[in-house]
Amino acid sequence: MHYPLSLVLTFIATTVLALVLFQRAAHQHRITLFVLVGWLLLQGWISLTGFYLDESGMPPRFVLLVGPPALLILSLFLTASGRRFIDGLDTGRLTLLHMVRIPVELVLFGLFTYGAVPEVMTFEGRNFDILSGLTAPLVYAFGYLRSQIGKGVLIAWNVACLALLVNVVTHAVLAAPTDFQQIAFDKPNVGVLYFPFVWLPCLVVPLVLFAHLVSLRRLLASRP
């Protein structure tokens, strides 16, 4: 399937922005950069072969996009070295990372107009995740730069935005053309199976999820 060059370049730029913002939160950790860039290149190459377009088998090939990042996040929270890495991250800059959710939502709407994702995955449907991106700079400015937002508000914001993320991911999974599909049979979620949009489930969404989990861990462990 062919998409406008502007849509492709917008999403590539969004992915690079997510990577840059996370690297800043990780204090330019070289191993982190190597792992993330390597993962992007690997999944980009696999998607260009058309591997993810065949979803007839079990388990669905889509699992190879989301499974490894999920296992990595889990291992970071369960191991001592992983927790040290987590506790060294800049949670203020992790908050800024959520700004990428604005262009992501615009790209999803663009994919919808080309019939590649269902309306339910856009802000015209049941996806309100763009609110997280719009409020992220305000939360960063007043919560981290000026310290005018209390710990309770920061926790509530992260929980609310995490719920918005879970909402859109759930709809994306249920709309994917697999044996588990439950909705959007007339217009399934196929856009994220093509390059470069495979980077959404394999990197951008995991980074956003990880940012929320790290922030919540740090906020819940800290004193008011």
# chains A, B, ... in the order shown; residues from 1 in each chain; ligands from 1

call {"tool": "closest_atom_pairs", "arguments": {"of": "stretch 42-115 of chain A", "to": "stretch 178-198 of chain A", "cutoff": "8 Å", "atoms": "only C-alpha atoms", "output": "tab-separated table"}}
result
residue	atom	partner	partner_atom	distance
A:Gln43	CA	A:Val198	CA	7.3
A:Gly44	CA	A:Phe195	CA	6.0
A:Ser47	CA	A:Phe195	CA	5.7
A:Leu48	CA	A:Phe195	CA	6.1
A:Gly50	CA	A:Tyr194	CA	7.6
A:Tyr52	CA	A:Leu193	CA	5.6
A:Leu53	CA	A:Leu193	CA	6.2
A:Glu55	CA	A:Thr178	CA	5.6
A:Ser56	CA	A:Thr178	CA	6.6
A:Pro60	CA	A:Thr178	CA	6.5
A:Phe62	CA	A:Leu193	CA	7.9
A:Leu65	CA	A:Val198	CA	7.5
A:Leu111	CA	A:Gly191	CA	6.5
A:Gly115	CA	A:Lys187	CA	6.4

call {"tool": "residues_around", "arguments": {"residues": "stretch 106-108 of chain A", "least_positions_apart": "2", "cutoff": "12 Å", "atoms": "only C-alpha atoms", "output": "JSON, numbers by chain"}}
result
{"A": [3, 4, 5, 6, 7, 8, 9, 10, 11, 12, 13, 14, 15, 100, 101, 102, 103, 104, 110, 111, 112, 113, 114, 115, 116, 117, 118, 119, 120, 121, 122, 123, 124, 125, 127, 128, 129, 130, 133, 168, 172, 189, 190, 191, 192, 196, 197, 200]}

call {"tool": "residues_around", "arguments": {"residues": "A:Pro68", "least_positions_apart": "3", "cutoff": "12 Å", "atoms": "only C-alpha atoms", "output": "PDB file with C-alpha atoms, in the first residue's frame"}}
result
ATOM      1  CA  VAL A  35      19.593  -0.750  21.185  1.00  0.00           C
ATOM      2  CA  LEU A  36      16.751   1.518  20.093  1.00  0.00           C
ATOM      3  CA  TRP A  39      15.566  -2.248  16.927  1.00  0.00           C
ATOM      4  CA  GLN A  43      11.811  -3.892  12.355  1.00  0.00           C
ATOM      5  CA  PHE A  62       2.235  -8.804  15.108  1.00  0.00           C
ATOM      6  CA  VAL A  63       3.407 -10.237  18.434  1.00  0.00           C
ATOM      7  CA  LEU A  64       7.012  -9.888  17.212  1.00  0.00           C
ATOM      8  CA  LEU A  65       6.476  -6.127  17.086  1.00  0.00           C
ATOM      9  CA  LEU A  71       9.463  -8.111  27.854  1.00  0.00           C
ATOM     10  CA  LEU A  72      12.252  -5.519  27.990  1.00  0.00           C
ATOM     11  CA  ILE A  73      10.116  -3.105  30.010  1.00  0.00           C
ATOM     12  CA  LEU A  74       9.153  -5.910  32.382  1.00  0.00           C
ATOM     13  CA  SER A  75      12.780  -6.943  32.844  1.00  0.00           C
ATOM     14  CA  PRO A 201       3.718  -0.326  17.996  1.00  0.00           C
ATOM     15  CA  CYS A 202       7.348  -1.443  18.220  1.00  0.00           C
ATOM     16  CA  LEU A 203       8.930   1.767  19.576  1.00  0.00           C
ATOM     17  CA  PRO A 206       6.425   1.278  24.231  1.00  0.00           C
TER      18      PRO A 206
END

call {"tool": "closest_residue", "arguments": {"among": "A:Leu97, A:Val153, A:Ile31, A:Val214", "to": "A:Leu134", "atoms": "only C-alpha atoms"}}
result
A:Leu97

call {"tool": "residues_around", "arguments": {"residues": "stretch 135-142 of chain A", "least_positions_apart": "4", "cutoff": "7 Å", "atoms": "only C-alpha atoms", "output": "list of chain:residue names"}}
result
A:Gly92, A:Thr95, A:Leu96, A:His98, A:Met99, A:Leu131, A:Arg146, A:Ser147, A:Gln148, A:Ile149

call {"tool": "write_last_selection", "arguments": {"atoms": "N, CA and C atoms", "output": "mmCIF file, in the first residue's frame"}}
result
data_model
loop_
_atom_site.group_PDB
_atom_site.id
_atom_site.type_symbol
_atom_site.label_atom_id
_atom_site.label_comp_id
_atom_site.auth_asym_id
_atom_site.auth_seq_id
_atom_site.Cartn_x
_atom_site.Cartn_y
_atom_site.Cartn_z
ATOM 1 N N GLY A 92 11.143 14.659 34.186
ATOM 2 C CA GLY A 92 10.646 15.857 33.537
ATOM 3 C C GLY A 92 10.719 15.729 32.029
ATOM 4 N N THR A 95 8.247 13.424 30.634
ATOM 5 C CA THR A 95 6.941 14.057 30.478
ATOM 6 C C THR A 95 6.850 14.764 29.126
ATOM 7 N N LEU A 96 7.919 15.425 28.732
ATOM 8 C CA LEU A 96 7.943 16.084 27.425
ATOM 9 C C LEU A 96 7.813 15.087 26.273
ATOM 10 N N HIS A 98 5.781 12.874 25.836
ATOM 11 C CA HIS A 98 4.384 12.636 25.466
ATOM 12 C C HIS A 98 3.879 13.614 24.415
ATOM 13 N N MET A 99 4.643 14.648 24.113
ATOM 14 C CA MET A 99 4.246 15.566 23.042
ATOM 15 C C MET A 99 4.153 14.862 21.693
ATOM 16 N N LEU A 131 -5.069 14.455 23.797
ATOM 17 C CA LEU A 131 -5.115 15.305 24.992
ATOM 18 C C LEU A 131 -3.851 15.155 25.831
ATOM 19 N N ARG A 146 8.515 24.916 37.288
ATOM 20 C CA ARG A 146 8.074 25.892 38.290
ATOM 21 C C ARG A 146 7.607 25.254 39.596
ATOM 22 N N SER A 147 7.443 23.958 39.592
ATOM 23 C CA SER A 147 6.998 23.220 40.800
ATOM 24 C C SER A 147 5.705 23.786 41.373
ATOM 25 N N GLN A 148 4.775 24.129 40.495
ATOM 26 C CA GLN A 148 3.488 24.659 40.928
ATOM 27 C C GLN A 148 2.382 23.608 40.891
ATOM 28 N N ILE A 149 2.719 22.414 40.458
ATOM 29 C CA ILE A 149 1.770 21.298 40.456
ATOM 30 C C ILE A 149 2.264 20.268 41.452
#

call {"tool": "residues_around", "arguments": {"residues": "A:Thr32", "least_positions_apart": "5", "cutoff": "9 Å", "atoms": "only C-alpha atoms", "output": "list of chain:residue names"}}
result
A:Gln23, A:Ala26, A:Val37

call {"tool": "select_by_dssp", "arguments": {"residues": "stretch 90-122 of chain A", "states": "helix (DSSP H, G or I)", "output": "PyMOL selection string"}}
result
chain A and resi 91-113+119-121

call {"tool": "write_last_selection", "arguments": {"atoms": "N, CA and C atoms", "output": "PDB file, in the first residue's frame"}}
result
ATOM      1  N   THR A  91      12.581  12.393  34.810  1.00  0.00           N
ATOM      2  CA  THR A  91      11.129  12.268  34.637  1.00  0.00           C
ATOM      3  C   THR A  91      10.505  13.518  34.022  1.00  0.00           C
ATOM      4  N   GLY A  92      11.143  14.659  34.186  1.00  0.00           N
ATOM      5  CA  GLY A  92      10.646  15.857  33.537  1.00  0.00           C
ATOM      6  C   GLY A  92      10.719  15.729  32.029  1.00  0.00           C
ATOM      7  N   ARG A  93      11.849  15.282  31.543  1.00  0.00           N
ATOM      8  CA  ARG A  93      12.005  15.100  30.098  1.00  0.00           C
ATOM      9  C   ARG A  93      11.166  13.930  29.584  1.00  0.00           C
ATOM     10  N   LEU A  94      10.921  12.942  30.432  1.00  0.00           N
ATOM     11  CA  LEU A  94      10.005  11.869  30.043  1.00  0.00           C
ATOM     12  C   LEU A  94       8.598  12.408  29.854  1.00  0.00           C
ATOM     13  N   THR A  95       8.247  13.424  30.634  1.00  0.00           N
ATOM     14  CA  THR A  95       6.941  14.057  30.478  1.00  0.00           C
ATOM     15  C   THR A  95       6.850  14.764  29.126  1.00  0.00           C
ATOM     16  N   LEU A  96       7.919  15.425  28.732  1.00  0.00           N
ATOM     17  CA  LEU A  96       7.943  16.084  27.425  1.00  0.00           C
ATOM     18  C   LEU A  96       7.813  15.087  26.273  1.00  0.00           C
ATOM     19  N   LEU A  97       8.266  13.860  26.504  1.00  0.00           N
ATOM     20  CA  LEU A  97       8.185  12.821  25.474  1.00  0.00           C
ATOM     21  C   LEU A  97       6.754  12.637  24.966  1.00  0.00           C
ATOM     22  N   HIS A  98       5.781  12.874  25.836  1.00  0.00           N
ATOM     23  CA  HIS A  98       4.384  12.636  25.466  1.00  0.00           C
ATOM     24  C   HIS A  98       3.879  13.614  24.415  1.00  0.00           C
ATOM     25  N   MET A  99       4.643  14.648  24.113  1.00  0.00           N
ATOM     26  CA  MET A  99       4.246  15.566  23.042  1.00  0.00           C
ATOM     27  C   MET A  99       4.153  14.862  21.693  1.00  0.00           C
ATOM     28  N   VAL A 100       4.885  13.757  21.545  1.00  0.00           N
ATOM     29  CA  VAL A 100       4.855  13.050  20.253  1.00  0.00           C
ATOM     30  C   VAL A 100       3.475  12.468  19.978  1.00  0.00           C
ATOM     31  N   ARG A 101       2.632  12.420  20.987  1.00  0.00           N
ATOM     32  CA  ARG A 101       1.300  11.869  20.788  1.00  0.00           C
ATOM     33  C   ARG A 101       0.425  12.785  19.929  1.00  0.00           C
ATOM     34  N   ILE A 102       0.827  14.043  19.798  1.00  0.00           N
ATOM     35  CA  ILE A 102       0.083  14.951  18.921  1.00  0.00           C
ATOM     36  C   ILE A 102       0.284  14.562  17.453  1.00  0.00           C
ATOM     37  N   PRO A 103       1.530  14.527  16.948  1.00  0.00           N
ATOM     38  CA  PRO A 103       1.700  14.104  15.550  1.00  0.00           C
ATOM     39  C   PRO A 103       1.283  12.658  15.306  1.00  0.00           C
ATOM     40  N   VAL A 104       1.400  11.796  16.311  1.00  0.00           N
ATOM     41  CA  VAL A 104       0.950  10.414  16.138  1.00  0.00           C
ATOM     42  C   VAL A 104      -0.537  10.384  15.817  1.00  0.00           C
ATOM     43  N   GLU A 105      -1.321  11.178  16.547  1.00  0.00           N
ATOM     44  CA  GLU A 105      -2.763  11.207  16.296  1.00  0.00           C
ATOM     45  C   GLU A 105      -3.079  11.783  14.920  1.00  0.00           C
ATOM     46  N   LEU A 106      -2.304  12.754  14.481  1.00  0.00           N
ATOM     47  CA  LEU A 106      -2.511  13.314  13.145  1.00  0.00           C
ATOM     48  C   LEU A 106      -2.178  12.289  12.064  1.00  0.00           C
ATOM     49  N   VAL A 107      -1.130  11.506  12.304  1.00  0.00           N
ATOM     50  CA  VAL A 107      -0.768  10.453  11.353  1.00  0.00           C
ATOM     51  C   VAL A 107      -1.844   9.367  11.321  1.00  0.00           C
ATOM     52  N   LEU A 108      -2.360   8.993  12.477  1.00  0.00           N
ATOM     53  CA  LEU A 108      -3.431   7.991  12.517  1.00  0.00           C
ATOM     54  C   LEU A 108      -4.657   8.474  11.738  1.00  0.00           C
ATOM     55  N   PHE A 109      -4.958   9.767  11.880  1.00  0.00           N
ATOM     56  CA  PHE A 109      -6.090  10.304  11.118  1.00  0.00           C
ATOM     57  C   PHE A 109      -5.789  10.255   9.623  1.00  0.00           C
ATOM     58  N   GLY A 110      -4.533  10.546   9.268  1.00  0.00           N
ATOM     59  CA  GLY A 110      -4.152  10.442   7.872  1.00  0.00           C
ATOM     60  C   GLY A 110      -4.291   9.024   7.341  1.00  0.00           C
ATOM     61  N   LEU A 111      -3.890   8.050   8.140  1.00  0.00           N
ATOM     62  CA  LEU A 111      -4.032   6.647   7.738  1.00  0.00           C
ATOM     63  C   LEU A 111      -5.501   6.261   7.611  1.00  0.00           C
ATOM     64  N   PHE A 112      -6.336   6.824   8.473  1.00  0.00           N
ATOM     65  CA  PHE A 112      -7.775   6.558   8.406  1.00  0.00           C
ATOM     66  C   PHE A 112      -8.355   7.052   7.089  1.00  0.00           C
ATOM     67  N   THR A 113      -7.911   8.230   6.644  1.00  0.00           N
ATOM     68  CA  THR A 113      -8.440   8.773   5.389  1.00  0.00           C
ATOM     69  C   THR A 113      -8.067   7.903   4.187  1.00  0.00           C
ATOM     70  N   GLU A 119     -11.929   4.262  12.022  1.00  0.00           N
ATOM     71  CA  GLU A 119     -12.211   5.561  12.636  1.00  0.00           C
ATOM     72  C   GLU A 119     -12.093   5.512  14.155  1.00  0.00           C
ATOM     73  N   VAL A 120     -12.384   4.363  14.747  1.00  0.00           N
ATOM     74  CA  VAL A 120     -12.345   4.229  16.197  1.00  0.00           C
ATOM     75  C   VAL A 120     -10.962   4.522  16.764  1.00  0.00           C
ATOM     76  N   MET A 121      -9.919   4.407  15.947  1.00  0.00           N
ATOM     77  CA  MET A 121      -8.549   4.658  16.380  1.00  0.00           C
ATOM     78  C   MET A 121      -8.127   6.112  16.207  1.00  0.00           C
TER      79      MET A 121
END

call {"tool": "residues_around", "arguments": {"residues": "A:Leu209", "least_positions_apart": "6", "cutoff": "9 Å", "atoms": "only C-alpha atoms", "output": "ChimeraX atom specification"}}
result
/A:162,165-166

call {"tool": "write_last_selection", "arguments": {"atoms": "C-alpha atoms", "output": "tab-separated table (two decimals), in the first residue's frame"}}
result
chain	number	residue	atom	x	y	z
A	162	LEU	CA	-2.01	5.95	30.75
A	165	LEU	CA	-3.07	5.01	25.93
A	166	VAL	CA	-4.54	1.68	27.03

call {"tool": "decode", "arguments": {"residues": "stretch 109-158 of chain A", "atoms": "N, CA and C atoms", "output": "CSV table (one decimal), in the first residue's frame"}}
result
chain,number,residue,atom,x,y,z
A,109,PHE,N,-5.0,9.8,11.9
A,109,PHE,CA,-6.1,10.3,11.1
A,109,PHE,C,-5.8,10.3,9.6
A,110,GLY,N,-4.5,10.5,9.3
A,110,GLY,CA,-4.2,10.4,7.9
A,110,GLY,C,-4.3,9.0,7.3
A,111,LEU,N,-3.9,8.1,8.1
A,111,LEU,CA,-4.0,6.6,7.7
A,111,LEU,C,-5.5,6.3,7.6
A,112,PHE,N,-6.3,6.8,8.5
A,112,PHE,CA,-7.8,6.6,8.4
A,112,PHE,C,-8.4,7.1,7.1
A,113,THR,N,-7.9,8.2,6.6
A,113,THR,CA,-8.4,8.8,5.4
A,113,THR,C,-8.1,7.9,4.2
A,114,TYR,N,-7.0,7.1,4.4
A,114,TYR,CA,-6.6,6.2,3.3
A,114,TYR,C,-7.1,4.8,3.5
A,115,GLY,N,-8.0,4.6,4.5
A,115,GLY,CA,-8.6,3.3,4.8
A,115,GLY,C,-7.7,2.3,5.4
A,116,ALA,N,-6.6,2.8,6.1
A,116,ALA,CA,-5.6,1.9,6.7
A,116,ALA,C,-5.9,1.6,8.1
A,117,VAL,N,-6.6,2.4,8.8
A,117,VAL,CA,-7.0,2.2,10.2
A,117,VAL,C,-8.5,2.6,10.3
A,118,PRO,N,-9.2,2.0,11.3
A,118,PRO,CA,-10.6,2.3,11.5
A,118,PRO,C,-10.7,3.7,12.2
A,119,GLU,N,-11.9,4.3,12.0
A,119,GLU,CA,-12.2,5.6,12.6
A,119,GLU,C,-12.1,5.5,14.2
A,120,VAL,N,-12.4,4.4,14.7
A,120,VAL,CA,-12.3,4.2,16.2
A,120,VAL,C,-11.0,4.5,16.8
A,121,MET,N,-9.9,4.4,15.9
A,121,MET,CA,-8.5,4.7,16.4
A,121,MET,C,-8.1,6.1,16.2
A,122,THR,N,-9.0,7.0,15.8
A,122,THR,CA,-8.7,8.4,15.6
A,122,THR,C,-9.5,9.3,16.6
A,123,PHE,N,-9.1,10.6,16.6
A,123,PHE,CA,-9.8,11.5,17.5
A,123,PHE,C,-11.3,11.7,17.1
A,124,GLU,N,-11.6,11.3,15.9
A,124,GLU,CA,-13.0,11.4,15.5
A,124,GLU,C,-13.8,10.2,16.0
A,125,GLY,N,-13.1,9.2,16.5
A,125,GLY,CA,-13.7,8.0,17.0
A,125,GLY,C,-13.7,7.9,18.5
A,126,ARG,N,-12.9,6.9,19.0
A,126,ARG,CA,-12.8,6.8,20.5
A,126,ARG,C,-11.4,7.0,21.0
A,127,ASN,N,-10.6,7.7,20.2
A,127,ASN,CA,-9.2,7.9,20.6
A,127,ASN,C,-9.0,9.4,21.0
A,128,PHE,N,-8.8,9.6,22.3
A,128,PHE,CA,-8.7,10.9,22.8
A,128,PHE,C,-7.2,11.1,23.4
A,129,ASP,N,-6.3,10.3,22.8
A,129,ASP,CA,-4.9,10.3,23.3
A,129,ASP,C,-4.2,11.7,23.0
A,130,ILE,N,-4.7,12.4,22.0
A,130,ILE,CA,-4.1,13.7,21.7
A,130,ILE,C,-4.1,14.6,22.9
A,131,LEU,N,-5.1,14.5,23.8
A,131,LEU,CA,-5.1,15.3,25.0
A,131,LEU,C,-3.9,15.2,25.8
A,132,SER,N,-3.3,14.0,25.8
A,132,SER,CA,-2.0,13.7,26.6
A,132,SER,C,-0.9,14.6,26.0
A,133,GLY,N,-0.8,14.6,24.7
A,133,GLY,CA,0.2,15.4,24.0
A,133,GLY,C,0.1,16.9,24.2
A,134,LEU,N,-1.2,17.3,24.2
A,134,LEU,CA,-1.5,18.7,24.3
A,134,LEU,C,-1.2,19.2,25.7
A,135,THR,N,-1.4,18.4,26.7
A,135,THR,CA,-1.2,18.8,28.1
A,135,THR,C,0.2,18.6,28.6
A,136,ALA,N,1.0,17.7,27.9
A,136,ALA,CA,2.3,17.4,28.4
A,136,ALA,C,3.2,18.6,28.6
A,137,PRO,N,3.3,19.6,27.7
A,137,PRO,CA,4.2,20.8,27.9
A,137,PRO,C,3.7,21.6,29.1
A,138,LEU,N,2.4,21.6,29.4
A,138,LEU,CA,1.9,22.4,30.6
A,138,LEU,C,2.3,21.7,31.8
A,139,VAL,N,2.2,20.4,31.9
A,139,VAL,CA,2.6,19.6,33.0
A,139,VAL,C,4.1,19.7,33.3
A,140,TYR,N,4.8,19.7,32.2
A,140,TYR,CA,6.3,19.8,32.4
A,140,TYR,C,6.6,21.2,32.9
A,141,ALA,N,6.0,22.2,32.4
A,141,ALA,CA,6.3,23.6,32.8
A,141,ALA,C,5.9,23.9,34.2
A,142,PHE,N,4.7,23.5,34.6
A,142,PHE,CA,4.2,23.9,35.9
A,142,PHE,C,4.5,22.8,37.0
A,143,GLY,N,4.8,21.6,36.5
A,143,GLY,CA,5.1,20.5,37.5
A,143,GLY,C,6.6,20.3,37.7
A,144,TYR,N,7.4,20.6,36.7
A,144,TYR,CA,8.8,20.3,36.9
A,144,TYR,C,9.7,21.6,36.8
A,145,LEU,N,9.4,22.5,36.0
A,145,LEU,CA,10.2,23.8,35.9
A,145,LEU,C,9.8,24.7,37.0
A,146,ARG,N,8.5,24.9,37.3
A,146,ARG,CA,8.1,25.9,38.3
A,146,ARG,C,7.6,25.3,39.6
A,147,SER,N,7.4,24.0,39.6
A,147,SER,CA,7.0,23.2,40.8
A,147,SER,C,5.7,23.8,41.4
A,148,GLN,N,4.8,24.1,40.5
A,148,GLN,CA,3.5,24.7,40.9
A,148,GLN,C,2.4,23.6,40.9
A,149,ILE,N,2.7,22.4,40.5
A,149,ILE,CA,1.8,21.3,40.5
A,149,ILE,C,2.3,20.3,41.5
A,150,GLY,N,1.4,19.8,42.3
A,150,GLY,CA,1.7,18.9,43.4
A,150,GLY,C,1.9,17.5,42.9
A,151,LYS,N,2.4,16.7,43.7
A,151,LYS,CA,2.7,15.3,43.4
A,151,LYS,C,1.4,14.5,43.1
A,152,GLY,N,0.3,14.8,43.8
A,152,GLY,CA,-1.0,14.2,43.5
A,152,GLY,C,-1.5,14.5,42.1
A,153,VAL,N,-1.3,15.7,41.7
A,153,VAL,CA,-1.8,16.1,40.3
A,153,VAL,C,-1.0,15.4,39.3
A,154,LEU,N,0.3,15.3,39.5
A,154,LEU,CA,1.2,14.6,38.6
A,154,LEU,C,0.9,13.1,38.4
A,155,ILE,N,0.6,12.5,39.6
A,155,ILE,CA,0.2,11.1,39.6
A,155,ILE,C,-1.1,10.9,38.8
A,156,ALA,N,-2.1,11.8,39.1
A,156,ALA,CA,-3.4,11.7,38.4
A,156,ALA,C,-3.3,11.9,36.9
A,157,TRP,N,-2.4,12.9,36.5
A,157,TRP,CA,-2.2,13.1,35.1
A,157,TRP,C,-1.6,11.9,34.4
A,158,ASN,N,-0.6,11.3,35.0
A,158,ASN,CA,0.0,10.1,34.4
A,158,ASN,C,-1.0,8.9,34.4
